[in-house]
Structure formats: structure tokens, C-alpha cells
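Student: Would you mind keeping the following structure in view while I ask a few things?
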Amino acid sequence: MANAVSKLKILYSEGDPELLASQAASIQKAGYQVQTAPGRKSALEALRQGTLDLVILGPTLSKNDRHHLAYMVKKANQTTRVLVMHTDGERHPAVDANLDTGCSIEAVLAKISAMWPSDAALTRAASAGK
């Protein structure tokens with residue numbers, strides 16, 4: 001599972017460039033491919049450039065940016081998952097998962113892993129025709 005999950009292409013966006021750099025480095029260190037986007041405009045540009053597995057919208061983006069970007073991610077590709085690092089994402093129809101504001105990077109990494117089923121579950125689903 002670790003190899004399949006670590007190949008995920010992640011776009012991570014924050015409003016605070018320093019937080020973005022430190023958090024992205026931690027996510028990369030965990031083995032993920034991370035592209036950063038400081039702010040809404042950069043995130044929208046990155047969405048136009050290719051397919052992503054996951055978009056993480058950080059708590060230093062404005063509420064309006066998190067709300068708009070979640071819709072734009074799904075418009076760009078319905079299968080791309082959206083993780084919002086703020087509780088305002090929990091009732092958003094385009095958000096797949098959310099975390100409490102200020103959670104640890106370990107909680108973020110655990111949530112990313114939990115969003116993808118294990119290889120065994122994928123094999124069972126494929127054999128069941130799902």
C-alpha cells in the first residue's frame with residue numbers, strides 16, 4: 001500500500017508561503033509527489049496543467065478560496081479528491097475529507113493514507129466487479 005499511496009500526485013495550497021513550504025516538505029518527506037500553490041490563482045493554474053490525485057486546501061487560504069477551489073478541482077477532474085484542512089469543509093459537497101484547523105502534519109499524513117484503500121481492498125473490489 002505504501003508504494004501505491006506514495007505515488008499520489010498532490011497539489012497543496014496555502015495562503016501563507018512559509019507554512020506552505022514547511023508543510024509541503026514534510027509531505028514530500030513522507031514519500032508523496034507534492035506540487036505547491038501559494039494562493040488561489042496559483043492553485044487554479046496548477047489545476048489546468050494536469051491530472052492530480054489529491055488537492056489539499058490549507059487553513060491559511062480564505063474561506064472563499066477554499067470554497068471556490070473545491071468546486072474548481074471537481075470541475076477540472078471529478079476523480080481528484082479534495083482534503084480541506086479546516087472544519088468549514090465538512091459540509092461542502094465537493095470536499096472528500098476535512099481536518100480540524102491547526103492539526104499536526106502527522107494527522108494530515110494519516111488522513112491522506114486513509115483516503116486511499118489498501119491494495120488488498122482494491123484487488124477484492126476489482127474481482128467483485130466494482
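Residue numbering restarts at 1 for every chain of the C-alpha cells, chains are lettered A, B, ... in their displayed order, and ligands are numbered from 1 as they appear.
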Can you list, as a list in words, every protein, DNA or RNA residue that comes within 10 Å of Ile112 (chain A) when you count only C-alpha atoms, leaving out same-chain residues fewer than 2 positions away?

Tutor: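 The filter keeps Val5, Ser6, Leu8, Ile10, Ile27, Tyr32, Leu54, Ile56, Arg81, Leu83, Ala97, Glu106, Ala107, Val108, Leu109, Ala110, Ala114, Met115 and Trp116 of chain A.
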
Student: If we count only C-alpha atoms and set the cut-off at 12 Å, which residues sit around Ala24 (chain A), ignoring sequence neighbours fewer than 2 positions away in its own chain? Please answer as number ranges by chain.

Tutor: A: 10-14, 16-22, 26-38, 56-58, 105, 108-109

Student: Can I get the selection written as a short mmCIF file (atom, residue, chain, number, x, y, z; two decimals), in the first residue's frame, with N, CA, C and O atoms?

Tutor:
```
data_model
loop_
_atom_site.label_atom_id
_atom_site.label_comp_id
_atom_site.auth_asym_id
_atom_site.auth_seq_id
_atom_site.Cartn_x
_atom_site.Cartn_y
_atom_site.Cartn_z
N ILE A 10 -0.03 15.18 -5.52
CA ILE A 10 -0.76 16.07 -4.62
C ILE A 10 -0.47 17.52 -4.95
O ILE A 10 0.68 17.90 -5.15
N LEU A 11 -1.52 18.32 -4.99
CA LEU A 11 -1.38 19.77 -5.07
C LEU A 11 -1.74 20.30 -3.68
O LEU A 11 -2.81 19.98 -3.15
N TYR A 12 -0.86 21.08 -3.10
CA TYR A 12 -1.08 21.63 -1.77
C TYR A 12 -1.08 23.15 -1.88
O TYR A 12 -0.14 23.74 -2.40
N SER A 13 -2.15 23.77 -1.41
CA SER A 13 -2.28 25.22 -1.50
C SER A 13 -2.52 25.83 -0.13
O SER A 13 -3.30 25.31 0.67
N GLU A 14 -1.81 26.91 0.13
CA GLU A 14 -1.93 27.69 1.37
C GLU A 14 -1.85 29.17 1.00
O GLU A 14 -1.31 29.53 -0.04
N ASP A 16 -0.31 31.22 3.25
CA ASP A 16 0.94 31.59 3.92
C ASP A 16 2.10 30.82 3.27
O ASP A 16 2.20 29.60 3.44
N PRO A 17 3.00 31.51 2.54
CA PRO A 17 4.08 30.83 1.83
C PRO A 17 5.05 30.07 2.74
O PRO A 17 5.55 29.01 2.36
N GLU A 18 5.30 30.58 3.94
CA GLU A 18 6.22 29.88 4.86
C GLU A 18 5.61 28.58 5.35
O GLU A 18 6.29 27.55 5.39
N LEU A 19 4.35 28.61 5.72
CA LEU A 19 3.67 27.38 6.15
C LEU A 19 3.58 26.39 5.00
O LEU A 19 3.82 25.19 5.18
N LEU A 20 3.29 26.88 3.81
CA LEU A 20 3.22 26.04 2.63
C LEU A 20 4.53 25.30 2.41
O LEU A 20 4.54 24.09 2.21
N ALA A 21 5.64 26.01 2.50
CA ALA A 21 6.96 25.39 2.27
C ALA A 21 7.27 24.33 3.32
O ALA A 21 7.71 23.23 2.98
N SER A 22 7.02 24.62 4.58
CA SER A 22 7.36 23.66 5.63
C SER A 22 6.45 22.44 5.60
O SER A 22 6.93 21.30 5.73
N SER A 26 7.35 18.35 4.57
CA SER A 26 7.00 17.20 5.41
C SER A 26 6.21 16.16 4.63
O SER A 26 6.43 14.95 4.79
N ILE A 27 5.31 16.60 3.78
CA ILE A 27 4.51 15.67 2.98
C ILE A 27 5.41 14.96 1.96
O ILE A 27 5.30 13.76 1.75
N GLN A 28 6.34 15.70 1.34
CA GLN A 28 7.29 15.09 0.40
C GLN A 28 8.18 14.09 1.11
O GLN A 28 8.46 13.02 0.57
N LYS A 29 8.61 14.42 2.30
CA LYS A 29 9.47 13.53 3.08
C LYS A 29 8.76 12.20 3.37
O LYS A 29 9.40 11.16 3.47
N ALA A 30 7.44 12.25 3.46
CA ALA A 30 6.65 11.03 3.67
C ALA A 30 6.53 10.20 2.39
O ALA A 30 5.97 9.11 2.42
N GLY A 31 7.05 10.72 1.27
CA GLY A 31 7.09 9.94 0.04
C GLY A 31 6.10 10.33 -1.03
O GLY A 31 5.98 9.67 -2.05
N TYR A 32 5.38 11.41 -0.85
CA TYR A 32 4.40 11.85 -1.84
C TYR A 32 5.01 12.84 -2.83
O TYR A 32 5.95 13.54 -2.50
N GLN A 33 4.43 12.89 -4.04
CA GLN A 33 4.81 13.90 -5.03
C GLN A 33 3.96 15.13 -4.74
O GLN A 33 2.74 15.07 -4.84
N VAL A 34 4.60 16.22 -4.37
CA VAL A 34 3.86 17.42 -3.97
C VAL A 34 4.21 18.60 -4.85
O VAL A 34 5.36 18.93 -5.05
N GLN A 35 3.16 19.22 -5.37
CA GLN A 35 3.29 20.48 -6.10
C GLN A 35 2.65 21.52 -5.21
O GLN A 35 1.57 21.29 -4.65
N THR A 36 3.28 22.67 -5.05
CA THR A 36 2.74 23.71 -4.19
C THR A 36 2.09 24.82 -5.00
O THR A 36 2.48 25.07 -6.14
N ALA A 37 1.11 25.45 -4.37
CA ALA A 37 0.41 26.56 -5.00
C ALA A 37 0.11 27.60 -3.92
O ALA A 37 -0.79 27.42 -3.11
N PRO A 38 0.89 28.69 -3.92
CA PRO A 38 0.63 29.75 -2.94
C PRO A 38 -0.55 30.62 -3.37
O PRO A 38 -0.42 31.47 -4.24
N ILE A 56 -4.98 19.48 -1.54
CA ILE A 56 -5.10 19.86 -0.13
C ILE A 56 -5.24 21.37 -0.07
O ILE A 56 -4.38 22.10 -0.58
N LEU A 57 -6.31 21.82 0.56
CA LEU A 57 -6.56 23.24 0.72
C LEU A 57 -6.32 23.59 2.19
O LEU A 57 -7.06 23.13 3.06
N GLY A 58 -5.30 24.37 2.43
CA GLY A 58 -4.88 24.67 3.79
C GLY A 58 -5.69 25.75 4.48
O GLY A 58 -6.42 26.52 3.84
N ILE A 105 0.94 17.70 11.29
CA ILE A 105 1.27 17.15 9.98
C ILE A 105 1.08 15.63 10.00
O ILE A 105 0.71 15.04 8.98
N VAL A 108 -2.43 15.00 9.09
CA VAL A 108 -2.62 15.20 7.66
C VAL A 108 -2.17 13.95 6.90
O VAL A 108 -2.89 13.44 6.03
N LEU A 109 -1.00 13.44 7.24
CA LEU A 109 -0.47 12.25 6.57
C LEU A 109 -1.36 11.03 6.82
O LEU A 109 -1.60 10.23 5.91
#
```

Student: Out of chain A, which residues get helix (DSSP H, G or I) from DSSP, as a PyMOL selection string?

Tutor: chain A and resi 2-6+17-29+40-49+63-76+87-89+105-114+119-127

Student: Could you give me, as a VMD selection string, each residue of region 22-106 of chain A that DSSP assigns to strand (DSSP E) when run on this structure's backbone?

Tutor: chain A and resid 33 to 38 54 to 57 81 to 84 97 to 98

Student: Using N, CA and C atoms, can you export the residues from the last selection as a compact mmCIF listing (two decimals), in the first residue's frame?

Tutor:
```txt
# COMPACT_ATOMS: atom_id res chain seq x y z
N GLN A 33 4.43 12.89 -4.04
CA GLN A 33 4.81 13.90 -5.03
C GLN A 33 3.96 15.13 -4.74
N VAL A 34 4.60 16.22 -4.37
CA VAL A 34 3.86 17.42 -3.97
C VAL A 34 4.21 18.60 -4.85
N GLN A 35 3.16 19.22 -5.37
CA GLN A 35 3.29 20.48 -6.10
C GLN A 35 2.65 21.52 -5.21
N THR A 36 3.28 22.67 -5.05
CA THR A 36 2.74 23.71 -4.19
C THR A 36 2.09 24.82 -5.00
N ALA A 37 1.11 25.45 -4.37
CA ALA A 37 0.41 26.56 -5.00
C ALA A 37 0.11 27.60 -3.92
N PRO A 38 0.89 28.69 -3.92
CA PRO A 38 0.63 29.75 -2.94
C PRO A 38 -0.55 30.62 -3.37
N LEU A 54 -4.93 14.28 -5.53
CA LEU A 54 -5.43 14.93 -4.33
C LEU A 54 -5.06 16.41 -4.33
N VAL A 55 -5.99 17.23 -3.90
CA VAL A 55 -5.72 18.65 -3.67
C VAL A 55 -5.98 18.93 -2.20
N ILE A 56 -4.98 19.48 -1.54
CA ILE A 56 -5.10 19.86 -0.13
C ILE A 56 -5.24 21.37 -0.07
N LEU A 57 -6.31 21.82 0.56
CA LEU A 57 -6.56 23.24 0.72
C LEU A 57 -6.32 23.59 2.19
N ARG A 81 -9.50 13.99 -5.52
CA ARG A 81 -10.07 14.15 -4.19
C ARG A 81 -9.61 15.46 -3.57
N VAL A 82 -10.45 15.98 -2.68
CA VAL A 82 -10.19 17.26 -2.03
C VAL A 82 -10.16 17.06 -0.52
N LEU A 83 -9.06 17.49 0.09
CA LEU A 83 -8.90 17.48 1.54
C LEU A 83 -8.78 18.92 2.00
N VAL A 84 -9.69 19.35 2.87
CA VAL A 84 -9.66 20.71 3.40
C VAL A 84 -9.19 20.65 4.84
N ALA A 97 -12.81 15.04 2.27
CA ALA A 97 -12.40 14.87 3.67
C ALA A 97 -11.96 16.22 4.21
N ASN A 98 -12.04 16.35 5.54
CA ASN A 98 -11.54 17.57 6.15
C ASN A 98 -10.91 17.24 7.49
```

Student: Under the rule that only C-alpha atoms are counted, which of A:Met72, A:Leu99, A:Ala46, A:Ala25 is the nearest residue to Met85 (chain A)?

Tutor: A:Leu99

Student: Looking at only C-alpha atoms, which of A:Ser42, A:Ser104, A:Thr51, A:Gln23 is the one that sits closest to Lys75 (chain A)?

Tutor: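 Smallest separation from Lys75 (chain A) among the options: A:Thr51.
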
Student: For CA of Pro117 (chain A) and CA of Asp96 (chain A), determine how far apart the two atoms are, in Å to one decimal place.

Tutor: 14.0 Å

Student: Would you mind telling me which residue in A:Asn77, A:Ala94, A:Ser113, A:Cys103 lies nearest to Gly50 (chain A) when using only C-alpha atoms?

Tutor: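 Using only C-alpha atoms, Gly50 (chain A) sits closest to A:Asn77.
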
Student: Rank A:Lys9, A:Lys111, A:Thr79, A:Val95 by their smallest atom-to-atom distance to Arg66 (chain A), using only C-alpha atoms, and report the top residue only.

Tutor: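 Under the stated criterion, the closest residue is A:Val95.
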
Student: If you count only C-alpha atoms, which residues fall within 10 Å of Pro93 (chain A), apart from same-chain ones fewer than 2 positions away, as a list in words?

Tutor: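 In the requested form, the answer reads His67, Ala70, Tyr71, Gly89, Glu90, Arg91, Val95 and Asp96 of chain A.
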
Student: Would you mind exporting C-alpha atoms of the selected residues as a PDB file, in the first residue's frame?

Tutor:
```
ATOM      1  CA  HIS A  67     -14.954  27.063  -1.070  1.00  0.00           C
ATOM      2  CA  ALA A  70     -13.028  22.763  -4.026  1.00  0.00           C
ATOM      3  CA  TYR A  71     -15.594  23.255  -6.808  1.00  0.00           C
ATOM      4  CA  GLY A  89     -15.056  21.809   4.596  1.00  0.00           C
ATOM      5  CA  GLU A  90     -17.154  19.209   6.379  1.00  0.00           C
ATOM      6  CA  ARG A  91     -20.473  20.148   4.756  1.00  0.00           C
ATOM      7  CA  VAL A  95     -14.936  18.095  -0.341  1.00  0.00           C
ATOM      8  CA  ASP A  96     -13.999  14.450   0.220  1.00  0.00           C
TER       9      ASP A  96
END
```

Student: To one decimal place in Å, what is the distance between CA of Glu45 (chain A) and CA of His86 (chain A)?

Tutor: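 CA of Glu45 (chain A) sits 22.5 Å away from CA of His86 (chain A).
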